[in-house]
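Quick look at target_19.cif (mmCIF, C-alpha atoms):
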data_my_file
#
loop_
_atom_site.group_PDB
_atom_site.id
_atom_site.type_symbol
_atom_site.label_atom_id
_atom_site.label_comp_id
_atom_site.auth_asym_id
_atom_site.auth_seq_id
_atom_site.Cartn_x
_atom_site.Cartn_y
_atom_site.Cartn_z
ATOM 1 C CA MET B 185 -39.742 -5.250 -274.831
ATOM 2 C CA MET B 186 -43.331 -5.480 -274.150
ATOM 3 C CA ALA B 187 -44.587 -8.483 -272.422
ATOM 4 C CA TRP B 188 -47.787 -9.809 -273.624
ATOM 5 C CA PRO B 189 -50.116 -11.327 -271.211
ATOM 6 C CA ALA B 190 -50.305 -15.070 -271.514
ATOM 7 C CA ARG B 191 -53.351 -16.210 -273.372
ATOM 8 C CA SER B 192 -55.609 -18.240 -271.255
ATOM 9 C CA SER B 193 -56.818 -21.440 -272.759
ATOM 10 C CA PRO B 194 -60.470 -21.198 -273.695
ATOM 11 C CA GLN B 195 -62.858 -23.105 -271.388
ATOM 12 C CA LYS B 196 -64.660 -25.943 -272.926
ATOM 13 C CA THR B 197 -68.383 -25.468 -272.950
ATOM 14 C CA ARG B 198 -70.489 -28.423 -271.856
ATOM 15 C CA THR B 199 -73.071 -29.731 -274.189
ATOM 16 C CA PRO B 200 -76.346 -30.939 -272.558
ATOM 17 C CA VAL B 201 -76.806 -34.680 -272.439
ATOM 18 C CA TYR B 202 -80.188 -36.337 -273.051
ATOM 19 C CA ILE B 203 -81.191 -39.802 -271.861
ATOM 20 C CA MET B 204 -83.737 -41.740 -273.896
ATOM 21 C CA HIS B 205 -85.559 -44.808 -272.492
ATOM 22 C CA SER B 206 -87.096 -47.499 -274.595
ATOM 23 C CA PRO B 207 -90.882 -48.132 -274.260
ATOM 24 C CA PRO B 208 -92.000 -50.880 -271.808
ATOM 25 C CA ASN B 209 -92.812 -53.334 -274.579
ATOM 26 C CA THR B 210 -91.199 -56.719 -274.096
ATOM 27 C CA ASP B 211 -91.090 -57.550 -277.784
ATOM 28 C CA VAL B 212 -89.551 -54.200 -278.635
ATOM 29 C CA ASP B 213 -86.968 -54.649 -275.868
ATOM 30 C CA LYS B 214 -85.992 -57.996 -277.372
ATOM 31 C CA LEU B 215 -85.714 -56.416 -280.791
ATOM 32 C CA SER B 216 -83.567 -53.595 -279.411
ATOM 33 C CA THR B 217 -81.245 -56.043 -277.684
ATOM 34 C CA ARG B 218 -80.716 -58.047 -280.883
ATOM 35 C CA SER B 219 -80.162 -55.088 -283.219
ATOM 36 C CA GLY B 220 -78.118 -52.994 -280.806
ATOM 37 C CA PHE B 221 -80.441 -49.996 -281.136
ATOM 38 C CA SER B 222 -83.205 -48.639 -279.021
ATOM 39 C CA PRO B 223 -86.638 -47.984 -280.627
ATOM 40 C CA PHE B 224 -85.672 -44.353 -281.011
ATOM 41 C CA GLY B 225 -82.373 -45.008 -282.800
ATOM 42 C CA SER B 226 -80.038 -44.778 -279.784
ATOM 43 C CA PRO B 227 -77.135 -47.275 -279.632
ATOM 44 C CA LEU B 228 -77.035 -49.674 -276.737
ATOM 45 C CA ASN B 229 -73.987 -50.346 -274.611
ATOM 46 C CA ASP B 230 -72.762 -53.760 -273.497
ATOM 47 C CA GLN B 231 -75.264 -53.903 -270.635
ATOM 48 C CA GLY B 232 -78.187 -53.316 -272.996
ATOM 49 C CA GLN B 233 -78.782 -49.750 -271.750
ATOM 50 C CA VAL B 234 -79.207 -46.666 -273.868
ATOM 51 C CA SER B 235 -75.943 -44.800 -274.406
ATOM 52 C CA HIS B 236 -75.558 -41.104 -273.782
ATOM 53 C CA PHE B 237 -75.087 -38.928 -276.828
ATOM 54 C CA ARG B 238 -74.867 -35.265 -277.590
ATOM 55 C CA HIS B 239 -77.556 -32.849 -278.570
ATOM 56 C CA ASP B 240 -76.265 -32.421 -282.077
ATOM 57 C CA SER B 241 -76.537 -36.169 -282.736
ATOM 58 C CA VAL B 242 -80.144 -36.119 -281.577
ATOM 59 C CA ALA B 243 -80.899 -33.161 -283.761
ATOM 60 C CA GLU B 244 -79.251 -34.804 -286.752
ATOM 61 C CA SER B 245 -81.058 -38.050 -286.096
ATOM 62 C CA SER B 246 -84.446 -36.364 -285.755
ATOM 63 C CA SER B 247 -83.915 -34.264 -288.856
ATOM 64 C CA ASN B 248 -83.124 -37.335 -290.959
ATOM 65 C CA PRO B 249 -86.323 -39.391 -291.436
ATOM 66 C CA ARG B 250 -84.465 -42.242 -293.087
ATOM 67 C CA SER B 251 -82.620 -43.110 -289.889
ATOM 68 C CA SER B 252 -85.839 -43.809 -287.959
ATOM 69 C CA GLY B 253 -87.926 -45.287 -290.798
ATOM 70 C CA PRO B 254 -86.673 -48.894 -290.740
ATOM 71 C CA LEU B 255 -86.878 -49.069 -286.971
ATOM 72 C CA ARG B 256 -90.407 -47.732 -286.980
ATOM 73 C CA ASN B 257 -91.455 -50.312 -289.550
ATOM 74 C CA GLU B 258 -89.809 -53.029 -287.506
ATOM 75 C CA TYR B 259 -91.656 -51.865 -284.375
ATOM 76 C CA ARG B 260 -94.955 -52.002 -286.244
ATOM 77 C CA SER B 261 -94.164 -55.493 -287.489
ATOM 78 C CA VAL B 262 -93.651 -56.582 -283.876
ATOM 79 C CA GLN B 263 -97.106 -55.248 -282.938
ATOM 80 C CA VAL B 264 -98.710 -57.035 -285.889
ATOM 81 C CA HIS B 265 -96.910 -60.237 -284.950
ATOM 82 C CA ASP B 266 -98.174 -59.941 -281.363
ATOM 83 C CA LEU B 267 -101.739 -59.374 -282.610
ATOM 84 C CA ASP B 268 -101.500 -62.411 -284.907
ATOM 85 C CA ARG B 269 -100.214 -64.531 -282.046
ATOM 86 C CA ARG B 270 -103.226 -63.568 -279.879
ATOM 87 C CA ILE B 271 -105.632 -64.335 -282.721
ATOM 88 C CA HIS B 272 -104.030 -67.761 -283.212
ATOM 89 C CA GLU B 273 -104.323 -68.435 -279.473
ATOM 90 C CA ASP B 274 -108.062 -67.632 -279.597
ATOM 91 C CA GLU B 275 -108.475 -69.919 -282.588
ATOM 92 C CA ASP B 276 -106.602 -72.691 -280.793
ATOM 93 C CA TYR B 277 -108.909 -72.192 -277.770
ATOM 94 C CA ASP B 278 -111.964 -72.453 -280.020
ATOM 95 C CA GLU B 279 -110.581 -75.564 -281.648
ATOM 96 C CA MET B 280 -110.475 -77.166 -278.194
ATOM 97 C CA ASP B 281 -114.309 -77.367 -278.313
ATOM 98 C CA GLY B 282 -114.367 -80.484 -280.376
ATOM 99 C CA PRO B 283 -117.184 -82.820 -281.407
ATOM 100 C CA ASP B 284 -117.403 -84.277 -277.894
ATOM 101 C CA ASP B 285 -118.258 -80.895 -276.373
ATOM 102 C CA GLU B 286 -120.870 -80.227 -279.036
ATOM 103 C CA LYS B 287 -122.404 -83.653 -278.414
ATOM 104 C CA ARG B 288 -122.428 -83.006 -274.680
ATOM 105 C CA ARG B 289 -124.266 -79.712 -275.197
ATOM 106 C CA ARG B 290 -126.844 -81.406 -277.396
ATOM 107 C CA VAL B 291 -127.438 -84.117 -274.804
ATOM 108 C CA THR B 292 -127.808 -81.480 -272.079
ATOM 109 C CA ARG B 293 -130.343 -79.533 -274.140
ATOM 110 C CA PHE B 294 -132.264 -82.726 -274.897
ATOM 111 C CA TYR B 295 -132.560 -83.784 -271.262
ATOM 112 C CA SER B 296 -133.454 -80.245 -270.187
ATOM 113 C CA PHE B 297 -136.249 -80.149 -272.736
ATOM 114 C CA LEU B 298 -137.403 -83.628 -271.684
ATOM 115 C CA LEU B 299 -137.489 -82.619 -268.014
ATOM 116 C CA PHE B 300 -139.441 -79.461 -268.823
ATOM 117 C CA THR B 301 -141.923 -81.491 -270.889
ATOM 118 C CA LEU B 302 -142.443 -84.007 -268.085
ATOM 119 C CA VAL B 303 -143.001 -81.279 -265.494
ATOM 120 C CA LEU B 304 -145.469 -79.513 -267.764
ATOM 121 C CA ALA B 305 -147.344 -82.743 -268.525
ATOM 122 C CA PHE B 306 -147.514 -83.659 -264.822
ATOM 123 C CA THR B 307 -148.788 -80.184 -263.947
ATOM 124 C CA LEU B 308 -151.516 -80.424 -266.579
ATOM 125 C CA PHE B 309 -152.435 -83.887 -265.315
ATOM 126 C CA CYS B 310 -152.770 -82.580 -261.748
ATOM 127 C CA LEU B 311 -154.929 -79.682 -262.920
ATOM 128 C CA ILE B 312 -157.188 -82.076 -264.811
ATOM 129 C CA LEU B 313 -157.536 -84.298 -261.748
ATOM 130 C CA TRP B 314 -158.330 -81.296 -259.569
ATOM 131 C CA GLY B 315 -160.963 -80.056 -262.026
ATOM 132 C CA VAL B 316 -162.568 -83.477 -262.330
ATOM 133 C CA SER B 317 -162.636 -83.975 -258.551
ATOM 134 C CA LYS B 318 -164.581 -80.731 -258.147
ATOM 135 C CA SER B 319 -167.532 -82.300 -259.951
ATOM 136 C CA PHE B 320 -167.793 -85.042 -257.291
ATOM 137 C CA SER B 321 -168.951 -82.873 -254.419
ATOM 138 C CA PRO B 322 -170.256 -84.893 -251.442
ATOM 139 C CA ILE B 323 -173.998 -84.903 -250.863
ATOM 140 C CA VAL B 324 -175.260 -83.964 -247.384
ATOM 141 C CA THR B 325 -178.869 -84.664 -246.409
ATOM 142 C CA LEU B 326 -180.297 -83.933 -242.989
ATOM 143 C CA LYS B 327 -182.681 -86.748 -242.375
ATOM 144 C CA GLU B 328 -184.362 -86.281 -239.012
ATOM 145 C CA MET B 329 -184.191 -85.001 -235.464
ATOM 146 C CA VAL B 330 -185.586 -86.435 -232.277
ATOM 147 C CA PHE B 331 -186.235 -84.512 -229.035
ATOM 148 C CA GLU B 332 -185.861 -87.033 -226.238
ATOM 149 C CA SER B 333 -186.486 -84.613 -223.360
ATOM 150 C CA LEU B 334 -187.061 -80.940 -222.596
ATOM 151 C CA ASN B 335 -187.353 -79.665 -219.021
ATOM 152 C CA VAL B 336 -187.653 -76.181 -217.539
ATOM 153 C CA GLN B 337 -187.158 -75.623 -213.814
ATOM 154 C CA PRO B 338 -186.132 -72.785 -211.516
ATOM 155 C CA GLY B 339 -182.458 -72.454 -210.687
ATOM 156 C CA ASN B 340 -179.486 -70.150 -210.329
ATOM 157 C CA ASP B 341 -176.886 -69.245 -212.908
ATOM 158 C CA GLN B 342 -173.142 -69.186 -212.186
ATOM 159 C CA SER B 343 -173.358 -65.762 -210.591
ATOM 160 C CA GLY B 344 -176.256 -66.806 -208.322
ATOM 161 C CA VAL B 345 -179.050 -65.020 -210.204
ATOM 162 C CA LEU B 346 -182.395 -66.750 -209.866
ATOM 163 C CA THR B 347 -183.882 -67.704 -213.256
ATOM 164 C CA ASP B 348 -185.435 -70.550 -215.189
ATOM 165 C CA MET B 349 -183.004 -73.272 -216.291
ATOM 166 C CA LEU B 350 -183.456 -75.407 -219.407
ATOM 167 C CA THR B 351 -182.279 -78.988 -219.973
ATOM 168 C CA LEU B 352 -182.672 -80.448 -223.467
ATOM 169 C CA ASN B 353 -181.634 -83.740 -225.084
ATOM 170 C CA SER B 354 -181.934 -84.368 -228.831
ATOM 171 C CA THR B 355 -180.376 -86.395 -231.666
ATOM 172 C CA VAL B 356 -179.697 -85.303 -235.236
ATOM 173 C CA ARG B 357 -179.277 -87.820 -238.067
ATOM 174 C CA ILE B 358 -177.437 -86.847 -241.247
ATOM 175 C CA LEU B 359 -176.940 -88.849 -244.437
ATOM 176 C CA TYR B 360 -173.493 -88.303 -245.957
ATOM 177 C CA ARG B 361 -172.674 -89.704 -249.414
ATOM 178 C CA ASN B 362 -169.435 -89.598 -251.398
ATOM 179 C CA PRO B 363 -170.153 -90.002 -255.143
ATOM 180 C CA ALA B 364 -166.480 -89.838 -256.188
ATOM 181 C CA THR B 365 -165.067 -92.837 -258.026
ATOM 182 C CA PHE B 366 -161.362 -92.412 -257.254
ATOM 183 C CA PHE B 367 -160.818 -90.647 -253.920
ATOM 184 C CA THR B 368 -161.823 -90.685 -250.258
ATOM 185 C CA VAL B 369 -163.031 -87.605 -248.396
ATOM 186 C CA HIS B 370 -162.131 -86.630 -244.834
ATOM 187 C CA VAL B 371 -164.957 -84.796 -243.094
ATOM 188 C CA THR B 372 -164.952 -82.338 -240.193
ATOM 189 C CA SER B 373 -167.745 -80.228 -238.773
ATOM 190 C CA SER B 374 -168.322 -77.199 -236.618
ATOM 191 C CA PRO B 375 -170.501 -77.642 -233.518
ATOM 192 C CA LEU B 376 -174.192 -78.170 -234.205
ATOM 193 C CA GLN B 377 -176.074 -75.411 -232.413
ATOM 194 C CA LEU B 378 -179.771 -75.369 -231.562
ATOM 195 C CA SER B 379 -180.987 -71.848 -230.815
ATOM 196 C CA TYR B 380 -184.084 -69.801 -230.161
ATOM 197 C CA SER B 381 -183.574 -66.424 -231.826
ATOM 198 C CA GLN B 382 -180.034 -65.592 -230.645
ATOM 199 C CA LEU B 383 -180.144 -67.676 -227.455
ATOM 200 C CA ILE B 384 -178.252 -70.986 -227.825
ATOM 201 C CA LEU B 385 -180.169 -73.771 -226.050
ATOM 202 C CA ALA B 386 -178.083 -76.844 -226.985
ATOM 203 C CA SER B 387 -174.991 -77.851 -228.968
ATOM 204 C CA GLY B 388 -173.165 -80.999 -230.091
ATOM 205 C CA GLN B 389 -169.927 -81.900 -231.864
ATOM 206 C CA MET B 390 -169.854 -84.297 -234.801
ATOM 207 C CA GLU B 391 -166.952 -86.750 -234.814
ATOM 208 C CA LYS B 392 -164.396 -86.655 -237.630
ATOM 209 C CA PHE B 393 -164.660 -89.443 -240.156
ATOM 210 C CA SER B 394 -163.473 -90.551 -243.590
ATOM 211 C CA GLN B 395 -165.854 -91.595 -246.329
ATOM 212 C CA ARG B 396 -164.611 -93.967 -249.011
ATOM 213 C CA ARG B 397 -165.423 -93.557 -252.685
ATOM 214 C CA LYS B 398 -168.974 -94.333 -253.830
ATOM 215 C CA SER B 399 -170.268 -94.968 -250.327
ATOM 216 C CA GLU B 400 -172.578 -93.367 -247.760
ATOM 217 C CA ARG B 401 -173.356 -93.452 -244.070
ATOM 218 C CA ILE B 402 -175.809 -92.171 -241.450
ATOM 219 C CA ILE B 403 -174.202 -89.888 -238.871
ATOM 220 C CA GLU B 404 -175.847 -89.462 -235.488
ATOM 221 C CA THR B 405 -174.899 -86.485 -233.338
ATOM 222 C CA LYS B 406 -176.165 -85.688 -229.863
ATOM 223 C CA VAL B 407 -177.268 -82.082 -229.364
ATOM 224 C CA LEU B 408 -177.520 -81.397 -225.649
ATOM 225 C CA GLY B 409 -178.248 -78.471 -223.352
ATOM 226 C CA ASN B 410 -177.703 -78.722 -219.608
ATOM 227 C CA GLN B 411 -178.933 -76.081 -217.179
ATOM 228 C CA ILE B 412 -179.114 -73.264 -219.696
ATOM 229 C CA PRO B 413 -180.249 -69.994 -218.036
ATOM 230 C CA LEU B 414 -183.200 -68.415 -219.870
ATOM 231 C CA TYR B 415 -183.595 -65.055 -218.067
ATOM 232 C CA GLY B 416 -187.194 -64.913 -219.257
ATOM 233 C CA GLY B 417 -186.151 -64.957 -222.885
ATOM 234 C CA ILE B 418 -188.582 -67.717 -224.018
ATOM 235 C CA PRO B 419 -192.125 -66.917 -222.886
ATOM 236 C CA ALA B 420 -193.553 -69.956 -224.721
ATOM 237 C CA LEU B 421 -191.803 -72.309 -222.296
ATOM 238 C CA TYR B 422 -193.661 -70.974 -219.282
ATOM 239 C CA ALA B 423 -196.788 -72.722 -220.525
ATOM 240 C CA GLN B 424 -195.064 -76.054 -220.061
ATOM 241 C CA ARG B 425 -195.678 -75.964 -216.351
ATOM 242 C CA ALA B 426 -199.425 -75.842 -216.856
ATOM 243 C CA GLU B 427 -199.911 -77.588 -220.219
ATOM 244 C CA PRO B 428 -196.652 -79.107 -221.574
ATOM 245 C CA ASP B 429 -198.373 -80.582 -224.622
ATOM 246 C CA GLN B 430 -199.379 -77.115 -225.811
ATOM 247 C CA VAL B 431 -195.814 -75.790 -226.122
ATOM 248 C CA VAL B 432 -194.851 -74.593 -229.616
ATOM 249 C CA LEU B 433 -191.237 -73.512 -229.936
ATOM 250 C CA PRO B 434 -189.562 -72.312 -233.202
ATOM 251 C CA LEU B 435 -185.885 -73.301 -233.305
ATOM 252 C CA ASN B 436 -182.892 -73.090 -235.662
ATOM 253 C CA LEU B 437 -180.244 -75.746 -236.151
ATOM 254 C CA THR B 438 -176.999 -74.428 -237.704
ATOM 255 C CA PHE B 439 -173.561 -75.888 -238.435
ATOM 256 C CA THR B 440 -170.842 -76.077 -241.100
ATOM 257 C CA LEU B 441 -169.416 -79.158 -242.818
ATOM 258 C CA GLN B 442 -166.028 -79.319 -244.531
ATOM 259 C CA ALA B 443 -164.591 -82.200 -246.543
ATOM 260 C CA ARG B 444 -161.066 -82.598 -247.907
ATOM 261 C CA ALA B 445 -159.961 -85.069 -250.569
ATOM 262 C CA TYR B 446 -156.387 -86.112 -251.346
ATOM 263 C CA VAL B 447 -156.772 -86.943 -255.024
ATOM 264 C CA LEU B 448 -153.080 -87.582 -255.737
ATOM 265 C CA GLY B 449 -151.485 -87.869 -252.336
ATOM 266 C CA ARG B 450 -150.562 -84.494 -250.897
ATOM 267 C CA LEU B 451 -149.890 -83.043 -254.339
ATOM 268 C CA VAL B 452 -153.527 -82.630 -255.422
ATOM 269 C CA LYS B 453 -155.966 -81.649 -252.669
ATOM 270 C CA THR B 454 -159.591 -80.676 -253.103
ATOM 271 C CA LYS B 455 -161.791 -78.979 -250.515
ATOM 272 C CA PHE B 456 -165.567 -79.186 -250.331
ATOM 273 C CA LEU B 457 -167.248 -76.687 -248.046
ATOM 274 C CA HIS B 458 -170.919 -76.808 -247.073
ATOM 275 C CA SER B 459 -171.178 -73.470 -245.359
ATOM 276 C CA ASN B 460 -173.936 -72.294 -243.069
ATOM 277 C CA ILE B 461 -176.279 -75.254 -243.121
ATOM 278 C CA LYS B 462 -179.437 -74.020 -241.481
ATOM 279 C CA CYS B 463 -182.574 -75.912 -240.552
ATOM 280 C CA SER B 464 -185.719 -74.110 -239.435
ATOM 281 C CA ILE B 465 -187.713 -76.463 -237.247
ATOM 282 C CA THR B 466 -190.632 -76.230 -234.838
ATOM 283 C CA PHE B 467 -190.797 -78.162 -231.622
ATOM 284 C CA TYR B 468 -194.244 -79.343 -230.492
ATOM 285 C CA GLY B 469 -194.709 -80.404 -226.898
ATOM 286 C CA ASP B 470 -197.004 -83.285 -227.844
ATOM 287 C CA LYS B 471 -194.364 -84.817 -230.172
ATOM 288 C CA LEU B 472 -191.662 -85.281 -227.589
ATOM 289 C CA GLY B 473 -189.703 -88.457 -228.375
ATOM 290 C CA LYS B 474 -191.010 -88.635 -231.953
ATOM 291 C CA THR B 475 -189.063 -88.209 -235.190
ATOM 292 C CA LEU B 476 -189.069 -84.795 -236.785
ATOM 293 C CA ASP B 477 -188.426 -84.769 -240.560
ATOM 294 C CA LEU B 478 -185.664 -82.374 -241.629
ATOM 295 C CA SER B 479 -185.411 -83.204 -245.348
ATOM 296 C CA LYS B 480 -187.495 -80.176 -246.346
ATOM 297 C CA SER B 481 -186.469 -77.847 -243.555
ATOM 298 C CA CYS B 482 -182.772 -77.266 -244.278
ATOM 299 C CA SER B 483 -180.833 -75.115 -246.706
ATOM 300 C CA ASP B 484 -177.189 -74.601 -247.562
ATOM 301 C CA HIS B 485 -176.086 -70.954 -247.913
#

Here is a file; write its structure as C-alpha cells.
Amino acid sequence: MMAWPARSSPQKTRTPVYIMHSPPNTDVDKLSTRSGFSPFGSPLNDQGQVSHFRHDSVAESSSNPRSSGPLRNEYRSVQVHDLDRRIHEDEDYDEMDGPDDEKRRRVTRFYSFLLFTLVLAFTLFCLILWGVSKSFSPIVTLKEMVFESLNVQPGNDQSGVLTDMLTLNSTVRILYRNPATFFTVHVTSSPLQLSYSQLILASGQMEKFSQRRKSERIIETKVLGNQIPLYGGIPALYAQRAEPDQVVLPLNLTFTLQARAYVLGRLVKTKFLHSNIKCSITFYGDKLGKTLDLSKSCSDH
C-alpha cells in the first residue's frame, strides 16, 4: 500500500496594506469625524483614525467614481462655506466703520486743510513784509571831516628802524536816516580807514546803534593815527618841516556799513548793506582844523 506524502497546507500570501491620511484641513477633519469616513472614502475607527484596508478594496473604491463623488462634493461645500465665512467677517469689519468714524475723518481733513491754509497765508504775509521792507533802505550821507592835527617827526618803528613817524587826529560826521515806517534798524560798521595809496595812516571804529523808524541822527567817529611809520612813502609830507601850509595830500576814506531790520520779530529779517563806501578827499595844510565837505566826495560801490 503506497503511502502518499501528506499534503502541506498552502501558505497564506500577505496582501500589502496601505495607510491613507486625511488632509490637514480642520473643517474636513470635522466632517470626517461626523460622517465616519475620511476625505478619501476610508472608514474611521473608534479613535477617529483611518482604518487599514486591503489593496483590492482600494482598487475597487478608486475604480468606482460614485463612491467618491458625494464626499468630493461635500469637501468642496466646506471650502465654499469657509470662503463665505471669511467674506462675511470682512464685511462685518467694514461695517464697524460707522458714521462716527466717517465724521472723524471729515473733521481731520477739515482741520488739516485749515492748518495748511493758515501756514500758506502766513508765509505769503511774511514774504510781502520782506519785499516791502526792502524798499525802505536806510540813507547814508557823509557830511564832513575835520583834521584837528597832523604831525610828522623822526622816530623808530617797533623793530628799531629809524624813519619818519606820523600822528594824525580827525573826525568824520555821518548822517544816518531810517525812512521805514514800521521797523527799526540795527547798524554796525567796519573800521573807517584813512589811507594814502595803500599805506593806512589812521583808523576808527564806529559804535553800534539802533535807529528807530522815520528818524535820523548825526554820527561822529574819531579817525586816529598814532606814530605810524612812513618809511619815506609820502614825499609830500617832507615839505611840512619847511612850509607846513603848502602841504597837499590826497587821501581815501573807506568803510562798510551794514544794517539789519527785524520786521516781524526773528521770523522776518531784512539786511541792508552799504558796501565799500569810499571818499576821495584832499588834505590842505592851510585848512588844518577846518571843516572839509564830503557830500560830493563819496560813492557807494

Expansion of the PyMOL selection byres ((chain B and resi 449-452) around 10) into residues, as a PDB file with C-alpha atoms, keeping the file's coordinate frame:
ATOM      1  CA  CYS B 310    -152.770 -82.580-261.748  1.00  0.00           C
ATOM      2  CA  LEU B 311    -154.929 -79.682-262.920  1.00  0.00           C
ATOM      3  CA  LEU B 313    -157.536 -84.298-261.748  1.00  0.00           C
ATOM      4  CA  TRP B 314    -158.330 -81.296-259.569  1.00  0.00           C
ATOM      5  CA  SER B 317    -162.636 -83.975-258.551  1.00  0.00           C
ATOM      6  CA  PHE B 367    -160.818 -90.647-253.920  1.00  0.00           C
ATOM      7  CA  ALA B 445    -159.961 -85.069-250.569  1.00  0.00           C
ATOM      8  CA  TYR B 446    -156.387 -86.112-251.346  1.00  0.00           C
ATOM      9  CA  VAL B 447    -156.772 -86.943-255.024  1.00  0.00           C
ATOM     10  CA  LEU B 448    -153.080 -87.582-255.737  1.00  0.00           C
ATOM     11  CA  LYS B 453    -155.966 -81.649-252.669  1.00  0.00           C
ATOM     12  CA  THR B 454    -159.591 -80.676-253.103  1.00  0.00           C
TER      13      THR B 454
END

Need the shell around Leu441 (chain B): protein/DNA/RNA residues with any atom at most 10 Å away, counting all atoms listed in the file. Skip same-chain ones fewer than 5 positions apart. Format as an MDAnalysis selection string?
chainID B and resid 324 371:376 390 456:461

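Compared by their closest atoms to Ile403 (chain B), and using only C-alpha atoms, the residues B:Lys471, B:Lys318, B:Lys327, B:Arg357 rank with B:Arg357 nearest.
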
Show me the residues around (-174.9, -84.7, -229.3) - criterion: an atom at most 10 Å away, only C-alpha atoms counted - as number ranges by chain.
B: 353-356, 375-377, 386-391, 404-409

Ranking B:Thr466, B:Gln342, B:Asn362, B:Thr301 by minimum distance to Gln395 (chain B) and counting only C-alpha atoms, which one comes first?
B:Asn362

Excluding region 478-483 of chain B and any residue of its chain fewer than 5 positions from it, enumerate the residues within 9 Å of it, using only C-alpha atoms, and give them as a list of chain:residue names.
B:Thr325, B:Leu326, B:Lys327, B:Glu328, B:Met329, B:Leu437, B:Asn460, B:Ile461, B:Lys462, B:Cys463, B:Ser464, B:Ile465

To test your reading of the syntax: which residues would the PyMOL selection byres ((chain B and resi 418) around 10) return for the file shown? Reply as a list in words.
Asp348, Tyr380, Ser381, Leu383, Leu414, Tyr415, Gly416, Gly417, Pro419, Ala420, Leu421, Tyr422 and Leu433 of chain B
